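Structure, as structure tokens:
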Amino acid sequence: MCGIIGYVGDKDAVPVIIDGLKKLEYRGYDSAGIAVYGKNGFDIVKQKGRLVVLEERLSSLMRENKPLSGHLGIGHTRWATHGEPSDINSHPHTGSKNRIAVVHNGIIENYKQIKERLENRGVTFVSQTDSEVIAQLAEHYYSGDIIDTVIKVSNALEGSYALGVMCIDEPDLLVAIKKDNPLIIGKSNHGNFIASDVPAVLKHTNQVYYLNDREVAVLHEKDIQFFNTDREPLQKKAETITWSMDSAEKDGYPHFMLKEIMEQPKVLRDTIQSAVTDGENRKVLDNIDIIRFDKIMITACGSAYNAGVVAKYVFEKLCRISVEVELASEFRYKDAVINEKTLVILVSQSGETADTIAAMREAKSKSAPTLAIVNVVGSAIAKEADYCIFTAAGPEIAVATTKAFSAQLILLYILAIRFARRLGKIQPEEEQKQIEEIKSLPDKVSEILDRIGSIQMYASTCIGYKSIFFIGRNIDYAIALEGSLKLKEISYIHSEAYAGGELKHGTISLVEENTLVVALSNYYYLYNKIMSNAEQVISRGAKVLLIGNCPKVDQESGKFYHIVLPQVSEIFSPSLSVIALQLFSYYVAANKGLDIDKPRNLAKSVTVE
């Protein structure tokens with residue numbers, strides 16, 4: 001889970017690459033490095049730590065009159081998998097002869113076998129990484145043609161990879177190849193790029209190519225060529241990125257996460273329009289024959305999995321069809337009971353989540369039709385799924401998802417309503433009523449965002465907690481899972497989410513004096529039940545934060561606080577609850593002075609197991 005960028009053109013590569021790495025740092029920030037082809041071959045600088053440490057080292061070299069300079073270069077920001085974060089383990093890696101330099105995103109599963117084979121031939125390794133074997137193997141194979149060498153290397157590797165490769169003998173050439181990891185190719189009027197994601201190149205171009213697995217891109221300053229691994233030419237069409245560079249900037253907000261929280265009303269409106277009026281999503285939804293299915297399986301990871309848990313309640317209530325929700329990392333290994341009558345729904349912000357890709361391929365191997373909900377056009381899941389609908393979230397830079405999650409919920413609601421109508425479980429007038437209520441959600445989200453002061457104030461009292469528990473019942477429990485995940489992701493406070501009825505089955509033993517319990521209450525039928533749970537934990541010394549639109553509760557000084565949400569049907573209430581939960585988590589983390597956009601040990605796009 002790393003970020004890579006490469007450039008060949010008529011500009012100095014160093015500032016271009018560093019600027020690109022800044023846009024990719026959300027993908028990894030254990031260490032960073034850059035290699036450029038200079039006057040005397042490769043000049044490489046690698047540093048453990050955040051990107052700013054690399055920048056400081058480059059500035060120091062400039063002051064010493066030893067600047068890195070060149071028109072061909074590659075850069076990398078790392079999230080460590082093999083080998084601790086260190087200068088030596090940082091990328092780029094070179095072979096022992098310093099003839100080939102490589103940046104790599106992914107995991108090489110057979111690296112130990114390759115390393116042992118090369119060591120038996122006298123090759124000396126210097127790092128603990130799996131990635132170094134790529135550079136060493138490339139030097140072993142190289143006999144004058146770097147393109148053939150890259151193809152031979154790719155044929156020998158097992159696992160996942162996106163590679164950028166330079167060779168000292170071909171100083172005007174950059175080669176790239178990928179398998180199961182994202183890689184785009186950008187073309188501009190001053191040169192060409194490889195990158196893990198669009199924001200890295202958007203300052204220079206909005207014209208990009210999406211590589212498919214095992215396709216080779218060969219970049220010169222003035223042209224780009226594509227080949228398969230038999231070296232047969234490929235014709236690819238550039239796609240135009242429609243969102244602007246401003247979408248990937250903070251616009252005055254202290255963190256991307258807060259900016260992205262505040263963008264949600266617009267994101268919801270755009271996503272709704274694409275699915276219920278004249279957008280591409282509407283066309284896809286109209287083509288899905290739900291009547292042929294007798295079961296729905298939703299599979300995803302992290303927050304996307306939590307969206308699936310919410311969707312289970314909505315689908316089963318509206319459609320009266322059996323729905324299972326499975327973690328993609330478990331689905332791929334469990335030999336799931338699915339067939340051609342099971343619709344498998346895959347949810348992924350990036351469309352490149354490794355476990356979700358594997359789950360999709362497992363589903364397809366069992367003849368189950370697949371429907372993807374993703375945010376990135378051109379991603380692996382978007383291209384391989386039988387059907388795909390897109391969230392209109394735009395670029396999401398903060399590692400902890402907010403607006404993409406909310407857009408996923410919206411599409412899942414609309415999907416459930418459309419399916420219910422096709423199955424004859426609701427009448428046209430009920431369908432229209434439900435759609436109109438969904439259309440009201442952006443304004444209700446805006447209403448919450450217009451009065452964030454109460455949430456901010458309450459969060460300021462919560463930074464001392466070591467554990468915070470979230471409880472809810474029915475669909476409130478589903479969204480409590482996301483609230484708990486969001487808090488632990490960015491505040492580093494331990495938190496867990498429980499169904500309210502399970503408190504007495506062990507969980508309540510963890511409640512003690514001044515424990516904080518966040519209770520969700522939007523399901524009126526179960527209001528008295530969740531309030532009973534709240535009273536149980538208060539009687540054991542806990543404090544309760546109640547979030548929901550059920551009857552206003554008088555505050556009990558020091559023990560009880562109520563954040564009131566706008567009225568909405570309980571099946572759509574997660575879209576309002578999650579806004580309050582996101583803001584609560586954000587302000588708790590902000591009050592602790594943490595790096596909210598780049599929480600420790602996490603990366604945005606999980607492209608490895």
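Following the order of the structure tokens, chains are lettered A, B, ..., residues in each are numbered from 1, and ligands are numbered from 1.
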Could you tell me, as a count of residues only, which residues of stretch 356-400 of chain A DSSP assigns to strand (DSSP E or B) when given the backbone? 9
- request: From the DSSP assignment of the backbone, select every residue of stretch 64-271 of chain A that is helix (DSSP H, G or I), and format the answer as a ChimeraX atom specification.
  value: /A:111-120,132-141,146-156,198-200,245-248,256-262,264-271
As a PyMOL selection string, please: the residues near A:Arg231 (cut-off 9 Å, only C-alpha atoms, same-chain neighbours under 4 positions excluded). chain A and resi 147-148+151+216+226-227
Exercise. Mind checking which residues fall within 9 Å of stretch 23-34 of chain A, counting only C-alpha atoms, ignoring those fewer than 3 positions away in the same chain, and posting them as a VMD selection string?
Key: chain A and resid 1 to 5 14 17 to 20 43 to 51 53 to 54 73 to 80 84 to 87 89 to 92 195 to 201 248 397 to 399 597 to 598 600 to 606
Hey, which of A:Lys266, A:Arg99, A:Lys543, A:Arg320 ends up closest to A:Asp443? Count only C-alpha atoms.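 So, comparing all the options, the nearest one is A:Lys266.
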- Write out as a PyMOL selection string which residues come within 12 Å of stretch 333-337 of chain A when counting only C-alpha atoms, dropping same-chain ones fewer than 5 positions away. chain A and resi 295-299+324-328+342-344+355-356+358-368
Please dump the current selection as a JSON list (two decimals), in the first residue's frame; keep N, CA, C and O atoms.
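Output (result-v6.json):
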```json
[["chain", "number", "residue", "atom", "x", "y", "z"],
["A", 295, "LYS", "N", -31.02, -14.62, -3.50],
["A", 295, "LYS", "CA", -30.20, -14.21, -2.37],
["A", 295, "LYS", "C", -29.27, -13.09, -2.81],
["A", 295, "LYS", "O", -28.85, -13.04, -3.97],
["A", 296, "ILE", "N", -28.96, -12.21, -1.87],
["A", 296, "ILE", "CA", -27.97, -11.16, -2.11],
["A", 296, "ILE", "C", -26.83, -11.36, -1.12],
["A", 296, "ILE", "O", -27.06, -11.59, 0.07],
["A", 297, "MET", "N", -25.61, -11.28, -1.61],
["A", 297, "MET", "CA", -24.42, -11.32, -0.76],
["A", 297, "MET", "C", -23.68, -10.00, -0.93],
["A", 297, "MET", "O", -23.36, -9.60, -2.06],
["A", 298, "ILE", "N", -23.44, -9.30, 0.16],
["A", 298, "ILE", "CA", -22.67, -8.05, 0.13],
["A", 298, "ILE", "C", -21.32, -8.33, 0.75],
["A", 298, "ILE", "O", -21.23, -8.88, 1.85],
["A", 299, "THR", "N", -20.25, -7.97, 0.05],
["A", 299, "THR", "CA", -18.91, -8.20, 0.58],
["A", 299, "THR", "C", -18.06, -6.95, 0.39],
["A", 299, "THR", "O", -18.13, -6.27, -0.64],
["A", 324, "GLU", "N", -26.87, -11.61, 3.00],
["A", 324, "GLU", "CA", -25.72, -11.90, 3.85],
["A", 324, "GLU", "C", -24.66, -10.83, 3.61],
["A", 324, "GLU", "O", -24.51, -10.33, 2.50],
["A", 325, "VAL", "N", -23.94, -10.50, 4.68],
["A", 325, "VAL", "CA", -22.85, -9.53, 4.59],
["A", 325, "VAL", "C", -21.58, -10.22, 5.08],
["A", 325, "VAL", "O", -21.56, -10.79, 6.17],
["A", 326, "GLU", "N", -20.55, -10.19, 4.27],
["A", 326, "GLU", "CA", -19.33, -10.93, 4.58],
["A", 326, "GLU", "C", -18.12, -10.03, 4.35],
["A", 326, "GLU", "O", -18.03, -9.32, 3.35],
["A", 327, "LEU", "N", -17.19, -10.06, 5.30],
["A", 327, "LEU", "CA", -15.91, -9.40, 5.09],
["A", 327, "LEU", "C", -15.23, -10.02, 3.87],
["A", 327, "LEU", "O", -15.15, -11.25, 3.76],
["A", 328, "ALA", "N", -14.75, -9.18, 2.98],
["A", 328, "ALA", "CA", -14.13, -9.71, 1.76],
["A", 328, "ALA", "C", -12.93, -10.58, 2.07],
["A", 328, "ALA", "O", -12.66, -11.57, 1.38],
["A", 342, "THR", "N", -27.42, -15.93, -7.03],
["A", 342, "THR", "CA", -26.97, -15.02, -5.97],
["A", 342, "THR", "C", -26.39, -13.76, -6.59],
["A", 342, "THR", "O", -25.49, -13.85, -7.44],
["A", 343, "LEU", "N", -26.89, -12.61, -6.20],
["A", 343, "LEU", "CA", -26.27, -11.35, -6.63],
["A", 343, "LEU", "C", -25.24, -10.95, -5.59],
["A", 343, "LEU", "O", -25.57, -10.76, -4.41],
["A", 344, "VAL", "N", -24.01, -10.86, -6.00],
["A", 344, "VAL", "CA", -22.93, -10.45, -5.10],
["A", 344, "VAL", "C", -22.64, -8.96, -5.32],
["A", 344, "VAL", "O", -22.28, -8.54, -6.41],
["A", 355, "ASP", "N", -8.59, -7.54, -1.19],
["A", 355, "ASP", "CA", -9.49, -8.61, -0.73],
["A", 355, "ASP", "C", -10.82, -8.57, -1.46],
["A", 355, "ASP", "O", -11.42, -9.62, -1.74],
["A", 356, "THR", "N", -11.30, -7.38, -1.78],
["A", 356, "THR", "CA", -12.58, -7.27, -2.48],
["A", 356, "THR", "C", -12.44, -7.71, -3.93],
["A", 356, "THR", "O", -13.36, -8.33, -4.50],
["A", 358, "ALA", "N", -10.37, -10.02, -4.91],
["A", 358, "ALA", "CA", -10.32, -11.48, -4.83],
["A", 358, "ALA", "C", -11.71, -12.07, -4.58],
["A", 358, "ALA", "O", -12.05, -13.12, -5.14],
["A", 359, "ALA", "N", -12.51, -11.40, -3.75],
["A", 359, "ALA", "CA", -13.88, -11.86, -3.49],
["A", 359, "ALA", "C", -14.71, -11.82, -4.77],
["A", 359, "ALA", "O", -15.50, -12.73, -5.06],
["A", 360, "MET", "N", -14.54, -10.76, -5.54],
["A", 360, "MET", "CA", -15.25, -10.64, -6.82],
["A", 360, "MET", "C", -14.89, -11.79, -7.75],
["A", 360, "MET", "O", -15.77, -12.41, -8.36],
["A", 361, "ARG", "N", -13.63, -12.08, -7.84],
["A", 361, "ARG", "CA", -13.19, -13.16, -8.74],
["A", 361, "ARG", "C", -13.66, -14.52, -8.24],
["A", 361, "ARG", "O", -14.00, -15.40, -9.04],
["A", 362, "GLU", "N", -13.71, -14.70, -6.93],
["A", 362, "GLU", "CA", -14.26, -15.93, -6.36],
["A", 362, "GLU", "C", -15.73, -16.06, -6.71],
["A", 362, "GLU", "O", -16.21, -17.15, -7.09],
["A", 363, "ALA", "N", -16.48, -14.96, -6.59],
["A", 363, "ALA", "CA", -17.91, -14.99, -6.92],
["A", 363, "ALA", "C", -18.12, -15.33, -8.39],
["A", 363, "ALA", "O", -18.97, -16.16, -8.75],
["A", 364, "LYS", "N", -17.33, -14.71, -9.26],
["A", 364, "LYS", "CA", -17.48, -14.96, -10.69],
["A", 364, "LYS", "C", -17.13, -16.41, -11.04],
["A", 364, "LYS", "O", -17.71, -17.01, -11.94],
["A", 365, "SER", "N", -16.17, -16.98, -10.30],
["A", 365, "SER", "CA", -15.79, -18.37, -10.56],
["A", 365, "SER", "C", -16.92, -19.33, -10.24],
["A", 365, "SER", "O", -16.94, -20.47, -10.72],
["A", 366, "LYS", "N", -17.86, -18.87, -9.40],
["A", 366, "LYS", "CA", -19.02, -19.69, -9.04],
["A", 366, "LYS", "C", -20.28, -19.24, -9.78],
["A", 366, "LYS", "O", -21.40, -19.56, -9.37],
["A", 367, "SER", "N", -20.08, -18.47, -10.83],
["A", 367, "SER", "CA", -21.17, -18.05, -11.74],
["A", 367, "SER", "C", -22.12, -17.05, -11.11],
["A", 367, "SER", "O", -23.23, -16.83, -11.63],
["A", 368, "ALA", "N", -21.74, -16.43, -9.99],
["A", 368, "ALA", "CA", -22.60, -15.43, -9.37],
["A", 368, "ALA", "C", -22.41, -14.08, -10.05],
["A", 368, "ALA", "O", -21.27, -13.60, -10.17]]
```
